[in-house]
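Undergrad: Here you go, this is start_10.txt (compact mmCIF, C-alpha atoms and all ligand atoms).
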```
# COMPACT_ATOMS: atom_id res chain seq x y z
CA MET A 1388 29.12 4.44 -7.08
CA ASN A 1389 27.91 6.04 -3.87
CA GLY A 1390 24.77 8.13 -4.28
CA LYS A 1391 24.95 11.79 -3.34
CA LEU A 1392 22.37 12.61 -0.70
CA ILE A 1393 19.54 14.90 -1.83
CA ASP A 1394 18.92 16.86 1.34
CA GLY A 1395 15.23 17.74 1.43
CA ARG A 1396 15.55 19.20 4.91
CA GLN A 1397 18.09 21.81 3.78
CA ILE A 1398 16.42 22.56 0.44
CA GLY A 1399 13.05 22.87 2.19
CA LYS A 1400 14.59 25.22 4.77
CA ASP A 1401 16.11 27.40 2.02
CA ILE A 1402 12.77 27.67 0.23
CA ARG A 1403 10.95 28.47 3.48
CA GLU A 1404 13.43 31.30 4.10
CA GLU A 1405 12.52 32.71 0.68
CA ILE A 1406 8.82 32.30 1.49
CA LYS A 1407 9.30 34.12 4.80
CA GLU A 1408 10.84 37.11 3.02
CA ARG A 1409 7.89 37.30 0.62
CA VAL A 1410 5.42 36.92 3.52
CA ASN A 1411 7.09 39.89 5.23
CA LYS A 1412 6.72 41.97 2.08
CA LEU A 1413 3.01 41.14 1.95
CA LYS A 1414 2.61 41.99 5.63
CA GLU A 1415 4.19 45.38 5.02
CA LYS A 1416 1.36 45.98 2.55
CA GLY A 1417 -1.17 44.94 5.22
CA CYS A 1418 -1.85 41.43 3.94
CA THR A 1419 -1.05 38.34 6.06
CA PRO A 1420 -1.27 35.02 4.22
CA GLY A 1421 -3.72 32.70 5.98
CA LEU A 1422 -3.99 28.93 5.81
CA ALA A 1423 -7.01 27.04 7.17
CA VAL A 1424 -6.75 23.34 7.88
CA ILE A 1425 -9.83 21.25 8.61
CA ILE A 1426 -9.30 17.99 10.42
CA VAL A 1427 -12.08 15.49 11.02
CA GLY A 1428 -11.85 12.82 13.71
CA ASP A 1429 -8.90 11.89 15.90
CA ASP A 1430 -6.51 9.87 13.76
CA SER A 1431 -3.19 10.49 15.50
CA ALA A 1432 -1.07 10.55 12.32
CA SER A 1433 -3.39 13.16 10.77
CA HIS A 1434 -3.19 15.27 13.95
CA THR A 1435 0.62 15.13 13.81
CA TYR A 1436 0.59 16.26 10.14
CA VAL A 1437 -1.74 19.13 10.98
CA LYS A 1438 0.38 20.22 13.95
CA ASN A 1439 3.45 20.28 11.69
CA LYS A 1440 1.60 22.38 9.13
CA GLN A 1441 0.56 24.84 11.84
CA LYS A 1442 4.12 25.07 13.18
CA SER A 1443 5.64 25.54 9.73
CA SER A 1444 3.15 28.24 8.74
CA ALA A 1445 3.88 30.14 11.96
CA GLU A 1446 7.63 29.90 11.25
CA VAL A 1447 7.22 31.70 7.92
CA GLY A 1448 4.91 34.31 9.49
CA MET A 1449 1.62 33.05 8.09
CA LYS A 1450 -1.62 32.93 10.01
CA SER A 1451 -3.01 29.44 10.42
CA GLU A 1452 -6.41 28.35 11.57
CA ILE A 1453 -7.08 24.76 12.58
CA ILE A 1454 -10.68 23.62 12.55
CA LYS A 1455 -11.16 20.37 14.45
CA LEU A 1456 -14.39 18.51 13.81
CA PRO A 1457 -15.59 15.26 15.37
CA ALA A 1458 -15.59 12.02 13.33
CA THR A 1459 -19.39 12.13 13.51
CA VAL A 1460 -19.67 15.48 11.69
CA SER A 1461 -22.12 15.35 8.78
CA GLU A 1462 -21.12 16.05 5.20
CA GLU A 1463 -23.44 19.07 5.19
CA GLU A 1464 -21.78 20.57 8.29
CA LEU A 1465 -18.36 20.07 6.76
CA LEU A 1466 -19.52 21.73 3.53
CA LYS A 1467 -20.81 24.66 5.59
CA GLU A 1468 -17.36 25.11 7.19
CA ILE A 1469 -15.72 25.07 3.77
CA ASN A 1470 -18.19 27.57 2.42
CA ALA A 1471 -17.45 29.96 5.31
CA LEU A 1472 -13.70 29.69 4.64
CA ASN A 1473 -14.28 30.23 0.90
CA HIS A 1474 -15.80 33.62 1.80
CA ASP A 1475 -13.27 34.55 4.50
CA ASP A 1476 -10.91 37.18 3.05
CA SER A 1477 -8.22 36.46 5.66
CA ILE A 1478 -7.89 32.86 4.39
CA HIS A 1479 -5.90 32.27 1.21
CA GLY A 1480 -5.46 28.51 1.44
CA ILE A 1481 -7.89 25.78 2.52
CA LEU A 1482 -6.83 22.23 3.17
CA VAL A 1483 -8.99 19.34 4.31
CA GLN A 1484 -6.79 16.69 5.92
CA LEU A 1485 -7.40 13.32 4.29
CA PRO A 1486 -8.54 10.62 4.78
CA LEU A 1487 -12.08 11.53 5.81
CA PRO A 1488 -14.50 9.17 7.60
CA ASP A 1489 -16.33 6.74 5.29
CA HIS A 1490 -19.69 8.53 5.50
CA ILE A 1491 -18.20 11.64 3.87
CA ASP A 1492 -17.74 11.83 0.10
CA GLU A 1493 -14.16 13.03 -0.35
CA ASN A 1494 -14.76 14.09 -3.97
CA ARG A 1495 -17.70 16.28 -2.99
CA ILE A 1496 -15.62 17.95 -0.28
CA ILE A 1497 -12.67 18.69 -2.57
CA LEU A 1498 -15.02 20.05 -5.20
CA ALA A 1499 -16.54 22.44 -2.62
CA ILE A 1500 -13.22 24.19 -1.95
CA ASP A 1501 -12.89 27.43 -3.92
CA ARG A 1502 -10.34 26.49 -6.59
CA SER A 1503 -8.47 29.75 -5.97
CA LYS A 1504 -7.84 28.59 -2.36
CA ASP A 1505 -7.16 24.92 -3.15
CA VAL A 1506 -3.52 24.94 -2.03
CA ASP A 1507 -3.34 21.13 -2.08
CA GLY A 1508 -3.99 21.22 -5.83
CA PHE A 1509 -6.61 18.45 -5.60
CA HIS A 1510 -9.62 20.30 -7.08
CA PRO A 1511 -10.51 18.73 -10.46
CA GLU A 1512 -10.27 22.13 -12.17
CA ASN A 1513 -6.75 22.64 -10.83
CA VAL A 1514 -5.78 19.09 -11.83
CA GLY A 1515 -7.09 19.83 -15.33
CA ARG A 1516 -5.19 23.11 -15.52
CA MET A 1517 -2.02 21.31 -14.44
CA MET A 1518 -2.59 18.70 -17.18
CA ILE A 1519 -2.73 21.35 -19.90
CA GLY A 1520 0.15 23.34 -18.45
CA GLN A 1521 -1.85 26.34 -17.22
CA ARG A 1522 -0.89 28.28 -14.14
CA THR A 1523 -2.44 26.66 -11.08
CA PHE A 1524 -1.71 25.15 -7.67
CA LEU A 1525 0.45 22.08 -8.13
CA SER A 1526 -0.02 19.06 -5.92
CA CYS A 1527 2.49 19.61 -3.10
CA THR A 1528 4.46 16.34 -3.14
CA PRO A 1529 5.20 16.23 -6.90
CA TYR A 1530 5.83 20.00 -6.87
CA GLY A 1531 8.33 19.46 -4.04
CA ILE A 1532 10.08 16.69 -5.99
CA ILE A 1533 10.44 18.99 -9.02
CA LYS A 1534 12.08 21.56 -6.70
CA LEU A 1535 14.44 18.88 -5.33
CA LEU A 1536 15.49 18.01 -8.89
CA GLU A 1537 15.84 21.65 -9.94
CA ARG A 1538 17.81 22.73 -6.88
CA THR A 1539 20.25 19.84 -7.25
CA ASN A 1540 20.68 20.70 -10.96
CA THR A 1541 19.40 17.29 -11.97
CA PRO A 1542 18.76 17.27 -15.72
CA ILE A 1543 15.13 16.45 -16.57
CA GLU A 1544 14.84 17.26 -20.28
CA GLY A 1545 15.37 14.19 -22.44
CA GLN A 1546 15.78 11.94 -19.40
CA HIS A 1547 13.78 8.77 -18.95
CA ALA A 1548 11.72 9.14 -15.79
CA VAL A 1549 10.04 6.04 -14.39
CA ILE A 1550 7.39 6.44 -11.72
CA ILE A 1551 6.18 3.53 -9.64
CA GLY A 1552 2.72 4.44 -8.37
CA ARG A 1553 -0.22 6.13 -10.10
CA SER A 1554 -2.16 7.74 -7.25
CA ASN A 1555 -3.99 10.99 -7.93
CA ILE A 1556 -1.91 12.88 -5.37
CA VAL A 1557 1.59 11.63 -6.20
CA GLY A 1558 2.20 9.34 -9.18
CA LYS A 1559 -0.12 10.80 -11.81
CA PRO A 1560 0.70 14.50 -11.30
CA MET A 1561 4.39 13.63 -10.93
CA GLY A 1562 4.47 12.17 -14.44
CA GLN A 1563 2.72 15.21 -15.90
CA LEU A 1564 5.13 17.67 -14.30
CA LEU A 1565 8.10 15.71 -15.62
CA LEU A 1566 6.52 15.45 -19.08
CA GLN A 1567 6.05 19.23 -19.12
CA ARG A 1568 9.78 19.50 -18.45
CA ASN A 1569 10.45 17.27 -21.47
CA ALA A 1570 11.26 14.00 -19.75
CA THR A 1571 10.14 10.74 -21.34
CA VAL A 1572 7.80 9.26 -18.76
CA THR A 1573 6.88 5.66 -17.92
CA TYR A 1574 4.23 4.90 -15.30
CA CYS A 1575 4.36 1.60 -13.42
CA HIS A 1576 1.81 0.21 -10.96
CA SER A 1577 0.70 -2.99 -9.29
CA ARG A 1578 -0.35 -4.60 -12.61
CA THR A 1579 2.87 -3.73 -14.44
CA LYS A 1580 4.56 -6.83 -15.84
CA ASP A 1581 8.33 -7.17 -15.41
CA LEU A 1582 8.62 -4.09 -13.20
CA LYS A 1583 12.41 -4.28 -13.12
CA GLU A 1584 12.56 -4.19 -16.94
CA HIS A 1585 11.14 -0.67 -16.71
CA THR A 1586 12.85 0.60 -13.60
CA LYS A 1587 16.29 -0.54 -14.80
CA ARG A 1588 15.93 1.86 -17.74
CA ALA A 1589 15.21 4.90 -15.55
CA ASP A 1590 17.53 7.90 -15.41
CA ILE A 1591 15.19 9.28 -12.76
CA LEU A 1592 13.31 6.73 -10.66
CA ILE A 1593 10.44 7.98 -8.49
CA VAL A 1594 9.02 5.46 -6.06
CA ALA A 1595 5.58 6.09 -4.51
CA ILE A 1596 4.16 2.71 -3.57
CA GLY A 1597 3.70 2.55 0.21
CA ALA A 1598 5.72 -0.66 0.79
CA ALA A 1599 8.72 -0.56 3.11
CA LYS A 1600 12.12 -0.92 1.33
CA PHE A 1601 10.47 -2.51 -1.72
CA VAL A 1602 12.97 -1.19 -4.28
CA ASP A 1603 16.49 -2.52 -3.81
CA ALA A 1604 19.59 -2.09 -5.96
CA SER A 1605 18.44 -4.78 -8.40
CA TYR A 1606 15.72 -2.36 -9.65
CA VAL A 1607 18.09 0.52 -10.31
CA LYS A 1608 20.37 1.44 -13.21
CA GLU A 1609 23.91 2.47 -12.29
CA GLY A 1610 23.97 6.27 -11.96
CA ALA A 1611 20.19 6.81 -11.71
CA VAL A 1612 18.69 9.54 -9.53
CA VAL A 1613 16.28 7.92 -7.04
CA ILE A 1614 13.47 9.77 -5.29
CA ASP A 1615 11.76 7.92 -2.47
CA VAL A 1616 8.27 9.18 -1.66
CA GLY A 1617 7.28 6.32 0.66
CA MET A 1618 6.62 6.79 4.36
CA ASN A 1619 6.44 3.46 6.15
CA ARG A 1620 7.52 1.79 9.37
CA ASP A 1621 10.10 -1.00 9.16
CA GLU A 1622 10.06 -4.19 11.24
CA ASN A 1623 11.48 -2.22 14.20
CA GLY A 1624 8.90 0.53 13.92
CA LYS A 1625 11.44 2.95 12.44
CA LEU A 1626 10.36 5.38 9.72
CA CYS A 1627 11.56 4.23 6.29
CA GLY A 1628 10.81 4.73 2.63
CA ASP A 1629 9.81 2.49 -0.28
CA VAL A 1630 13.48 2.26 -1.26
CA ASP A 1631 16.09 0.12 0.45
CA PHE A 1632 18.37 3.11 0.99
CA ASP A 1633 21.54 1.23 1.98
CA SER A 1634 21.64 -0.93 -1.14
CA VAL A 1635 20.34 1.67 -3.62
CA LYS A 1636 22.76 4.40 -2.54
CA GLU A 1637 25.57 2.16 -3.84
CA VAL A 1638 24.27 2.22 -7.43
CA SER A 1639 22.48 5.57 -7.68
CA SER A 1640 24.18 8.89 -8.48
CA ALA A 1641 21.82 10.72 -6.06
CA ILE A 1642 19.12 9.61 -3.65
CA THR A 1643 16.64 11.09 -1.17
CA PRO A 1644 16.65 9.71 2.36
CA VAL A 1645 13.56 8.93 4.48
CA PRO A 1646 13.12 10.88 6.67
CA GLY A 1647 14.63 14.11 5.37
CA GLY A 1648 13.96 13.84 1.64
CA VAL A 1649 10.56 14.35 0.07
CA GLY A 1650 8.61 14.83 3.34
CA PRO A 1651 9.93 18.30 4.26
CA MET A 1652 9.33 19.43 0.68
CA THR A 1653 5.63 18.56 0.71
CA ILE A 1654 4.89 20.88 3.61
CA THR A 1655 7.14 23.57 2.13
CA MET A 1656 5.21 23.57 -1.14
CA LEU A 1657 1.95 23.84 0.77
CA LEU A 1658 3.29 27.09 2.24
CA LYS A 1659 4.50 28.17 -1.21
CA ASN A 1660 1.02 27.61 -2.68
CA THR A 1661 -0.55 29.58 0.18
CA LEU A 1662 1.93 32.41 -0.44
CA LEU A 1663 1.15 32.43 -4.18
CA SER A 1664 -2.57 32.56 -3.42
CA ALA A 1665 -2.12 35.45 -0.98
CA GLU A 1666 0.14 37.35 -3.41
CA GLU A 1667 -2.49 37.09 -6.12
CA THR A 1668 -5.39 38.10 -3.84
CA CYS A 1669 -3.50 40.99 -2.28
CA ALA A 1670 -2.36 42.28 -5.67
CA ASN A 1671 -6.01 42.36 -6.75
CA GLN A 1672 -6.97 44.27 -3.60
CA THR A 1673 -4.39 47.03 -4.02
P1 LIG B 1 -1.47 4.90 -2.93
O1 LIG B 1 -2.61 5.79 -3.26
O2 LIG B 1 -1.69 3.72 -2.05
O3 LIG B 1 -0.86 4.40 -4.31
C1 LIG B 1 0.16 3.43 -4.34
C2 LIG B 1 0.52 3.14 -5.78
O4 LIG B 1 1.55 2.16 -5.78
C3 LIG B 1 -0.65 2.57 -6.60
O5 LIG B 1 -0.69 3.19 -7.86
C4 LIG B 1 -0.32 1.08 -6.70
O6 LIG B 1 -0.73 0.49 -7.92
C5 LIG B 1 1.20 1.10 -6.67
N1 LIG B 1 1.73 -0.14 -6.14
C6 LIG B 1 1.42 -0.75 -4.98
N2 LIG B 1 2.12 -1.89 -4.86
C7 LIG B 1 2.87 -2.01 -5.96
C8 LIG B 1 3.79 -2.98 -6.42
N3 LIG B 1 4.07 -4.08 -5.72
N4 LIG B 1 4.39 -2.77 -7.60
C9 LIG B 1 4.13 -1.68 -8.34
N5 LIG B 1 3.26 -0.72 -7.96
C10 LIG B 1 2.64 -0.89 -6.78
O7 LIG B 1 -0.27 5.69 -2.26
P2 LIG B 1 0.21 7.25 -2.39
O8 LIG B 1 -0.76 8.12 -1.70
O9 LIG B 1 0.63 7.56 -3.77
O10 LIG B 1 1.51 7.17 -1.46
C11 LIG B 1 2.59 6.33 -1.74
C12 LIG B 1 3.59 6.38 -0.60
O11 LIG B 1 4.06 7.71 -0.47
C13 LIG B 1 3.01 6.04 0.78
O12 LIG B 1 4.04 5.43 1.57
C14 LIG B 1 2.67 7.39 1.37
O13 LIG B 1 2.68 7.38 2.80
C15 LIG B 1 3.80 8.20 0.84
N6 LIG B 1 3.52 9.65 0.71
C16 LIG B 1 4.47 10.47 1.19
C17 LIG B 1 4.32 11.83 1.06
C18 LIG B 1 5.39 12.73 1.56
O14 LIG B 1 5.17 13.91 1.70
N7 LIG B 1 6.58 12.21 1.82
C19 LIG B 1 3.17 12.36 0.44
C20 LIG B 1 2.21 11.48 -0.06
C21 LIG B 1 2.41 10.11 0.06
P3 LIG B 1 -2.30 0.33 -8.32
O15 LIG B 1 -2.74 1.68 -8.76
O16 LIG B 1 -2.27 -0.66 -9.43
O17 LIG B 1 -3.00 -0.15 -7.10
```
Starting from the file, lay out its structure as structure tokens.

TA:
Amino acid sequence: MNGKLIDGRQIGKDIREEIKERVNKLKEKGCTPGLAVIIVGDDSASHTYVKNKQKSSAEVGMKSEIIKLPATVSEEELLKEINALNHDDSIHGILVQLPLPDHIDENRIILAIDRSKDVDGFHPENVGRMMIGQRTFLSCTPYGIIKLLERTNTPIEGQHAVIIGRSNIVGKPMGQLLLQRNATVTYCHSRTKDLKEHTKRADILIVAIGAAKFVDASYVKEGAVVIDVGMNRDENGKLCGDVDFDSVKEVSSAITPVPGGVGPMTITMLLKNTLLSAEETCANQT
């Protein structure tokens, strides 16, 4: 078998085109969706992510505001910035780029973001709403993976989905979203015994570990759909996923590449969440 490529770049582009149309409709009504991104310190990877978010929001016609704060900023000053954005009517989405410096309590910061502007879907109330299937902002990476599966007509209902990784931003919400779509879900993590025993039974295998090319063909059932969330550098410094693409593509029925798979979807769903927030706010204003 030779796995069909799941093209996140193209699917992301299609969705962003749809977002752009809806942004234009909002603008005609006098409402421009606005995304604010706060970045603390000068971690170069974080600055690259933020630049990409700014570029992508401009491409769909949204306003974006980048607030750069020094690594020495106090928690109170950061909270003040968030509070101002919470009350700024031109801002519909607020994102604080993680990780934050050690002296800042990440949980306190996330909690301070108005849940109706929490377009990352990290606020505990939004996580809770997601858990019980209520309408809310979904965490962008798992939301993007659901869109990849839907747009490639990958069956989810009744399928056995195995997720390696249980982080709050990827693994855990991923399992919930698949469960809501009637998959049977198994979570694996670093303490899982006989990892392959589980992964070899997956119809859909989602890998979010953070270890370059960890999953090779010996972990994968013939015909499985494999989604690689990982973003790592290989021994030559080249971007690669958690999945050994060349070997796994031979046994899978479909597979996401890195780059060009999950990554472009994460940023796209951030824009989608900002659009949804703006649509709701603007509908309430008219
Ligand atoms: P994380 O918070 O470090 O979580 C990693 C998870 O993998 C943990 O649950 C850990 O288990 C598990 N794990 C680690 N080693 C393992 C092993 N040998 N066997 C089984 N499970 C193992 O990472 P994350 O934030 O979820 O991110 C995962 C990867 O996705 C990273 O490469 C990250 O850069 C990437 N990522 C990409 C995007 C995107 O848009 N493409 C978005 C987010 C993250 P324990 O819980 O037991 O420690």

Undergrad: Could I get the residues of chain A with an atom no further than 8 Å from an atom of ligand LIG 1 (chain B), each paired with its nearest atom pair and that distance in Å to one decimal, using only C-alpha atoms and all ligand atoms, sorted by chain and residue number, as CSV?

TA:
```
residue,atom,partner,partner_atom,distance
A:Cys1527,CA,B:LIG1,O14,7.9
A:Thr1528,CA,B:LIG1,O14,5.5
A:Ile1551,CA,B:LIG1,N5,5.4
A:Gly1552,CA,B:LIG1,C2,3.6
A:Arg1553,CA,B:LIG1,O5,3.7
A:Ser1554,CA,B:LIG1,O1,4.5
A:Asn1555,CA,B:LIG1,O9,7.1
A:Ile1556,CA,B:LIG1,O9,6.1
A:Val1557,CA,B:LIG1,O9,4.8
A:Gly1558,CA,B:LIG1,O9,5.9
A:Cys1575,CA,B:LIG1,N5,6.0
A:His1576,CA,B:LIG1,N5,3.5
A:Ser1577,CA,B:LIG1,N5,3.7
A:Arg1578,CA,B:LIG1,O16,5.4
A:Thr1579,CA,B:LIG1,C9,6.6
A:Leu1582,CA,B:LIG1,C9,7.0
A:Val1594,CA,B:LIG1,C12,7.8
A:Ala1595,CA,B:LIG1,C11,4.1
A:Ile1596,CA,B:LIG1,O4,3.5
A:Gly1597,CA,B:LIG1,O12,3.2
A:Ala1598,CA,B:LIG1,O12,6.4
A:Ala1599,CA,B:LIG1,O12,7.8
A:Phe1601,CA,B:LIG1,N3,7.7
A:Asp1615,CA,B:LIG1,O11,8.0
A:Val1616,CA,B:LIG1,O11,4.6
A:Gly1617,CA,B:LIG1,O12,3.5
A:Met1618,CA,B:LIG1,O12,4.0
A:Asn1619,CA,B:LIG1,O12,5.5
A:Gly1628,CA,B:LIG1,O12,6.9
A:Asp1629,CA,B:LIG1,O12,6.7
A:Gly1648,CA,B:LIG1,N7,7.6
A:Val1649,CA,B:LIG1,N7,4.8
A:Gly1650,CA,B:LIG1,N7,3.6
A:Pro1651,CA,B:LIG1,O14,7.0
A:Met1652,CA,B:LIG1,O14,7.0
A:Thr1653,CA,B:LIG1,O14,4.8
A:Ile1654,CA,B:LIG1,O14,7.2
```

Undergrad: Any chance you could tabulate, as a Markdown table, the residues of range 1597-1658 of chain A at most 9 Å from range 1402-1418 of chain A with each one's nearest atom pair and distance in Å to one decimal, using all atoms listed in the file, in chain and rising number order?

TA:
```
| residue | atom | partner | partner_atom | distance |
| --- | --- | --- | --- | --- |
| A:Met1652 | CA | A:Ile1402 | CA | 8.9 |
| A:Thr1655 | CA | A:Arg1403 | CA | 6.4 |
| A:Met1656 | CA | A:Ile1402 | CA | 8.7 |
| A:Leu1658 | CA | A:Ile1406 | CA | 7.6 |
```

Undergrad: Point out the residue among A:Ile1519, A:Asp1501, A:Ile1591, A:Lys1455 with the least atom-to-atom distance to Glu1544 in chain A, counting all atoms listed in the file.

TA: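 Of the candidates, the smallest distance to Glu1544 in chain A is held by A:Ile1591.
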
Undergrad: Would you work out the distance separating CA of Val1607 in chain A from CA of Thr1586 in chain A, expressed in Å to one decimal?

TA: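 Between these atoms lies a distance of 6.2 Å.
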
Undergrad: Nearest to Gly1508 in chain A: which of A:Val1483, A:Ala1670, A:Lys1391, A:Ser1640 is it, counting only C-alpha atoms?

TA: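 Among A:Val1483, A:Ala1670, A:Lys1391, A:Ser1640, it is A:Val1483 that comes nearest to Gly1508 in chain A.
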
Undergrad: Select, from A:Leu1663, A:Leu1535, A:Ile1614, A:Ile1469, the residue with the minimum atom-to-atom distance to Arg1396 in chain A, counting all atoms listed in the file.

TA: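 Between A:Leu1663, A:Leu1535, A:Ile1614, A:Ile1469, the residue approaching Arg1396 in chain A most closely is A:Leu1535.
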
Undergrad: Go ahead and compute the interatomic distance for CA of Met1517 in chain A and CA of Asp1505 in chain A, in Å to one decimal.

TA: 12.9 Å

Undergrad: For CA of Pro1420 in chain A and CA of Val1460 in chain A, quote the distance in Å rounded to one decimal.

TA: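 Going from CA of Pro1420 in chain A over to CA of Val1460 in chain A, I get 27.9 Å.
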
Undergrad: Which residues come within 10 Å of Asn1470 in chain A, counting only C-alpha atoms, excluding same-chain residues fewer than 4 positions away, as a PyMOL selection string?

TA: chain A and resi 1464-1466+1474-1475+1499-1501

Undergrad: Can you tell me, as a PyMOL selection string, what residues are no more than 12 Å from His1479 in chain A when counting only C-alpha atoms, ignoring any on the same chain fewer than 2 positions away?

TA: chain A and resi 1418-1424+1449-1452+1472-1477+1481-1482+1500-1507+1657-1669
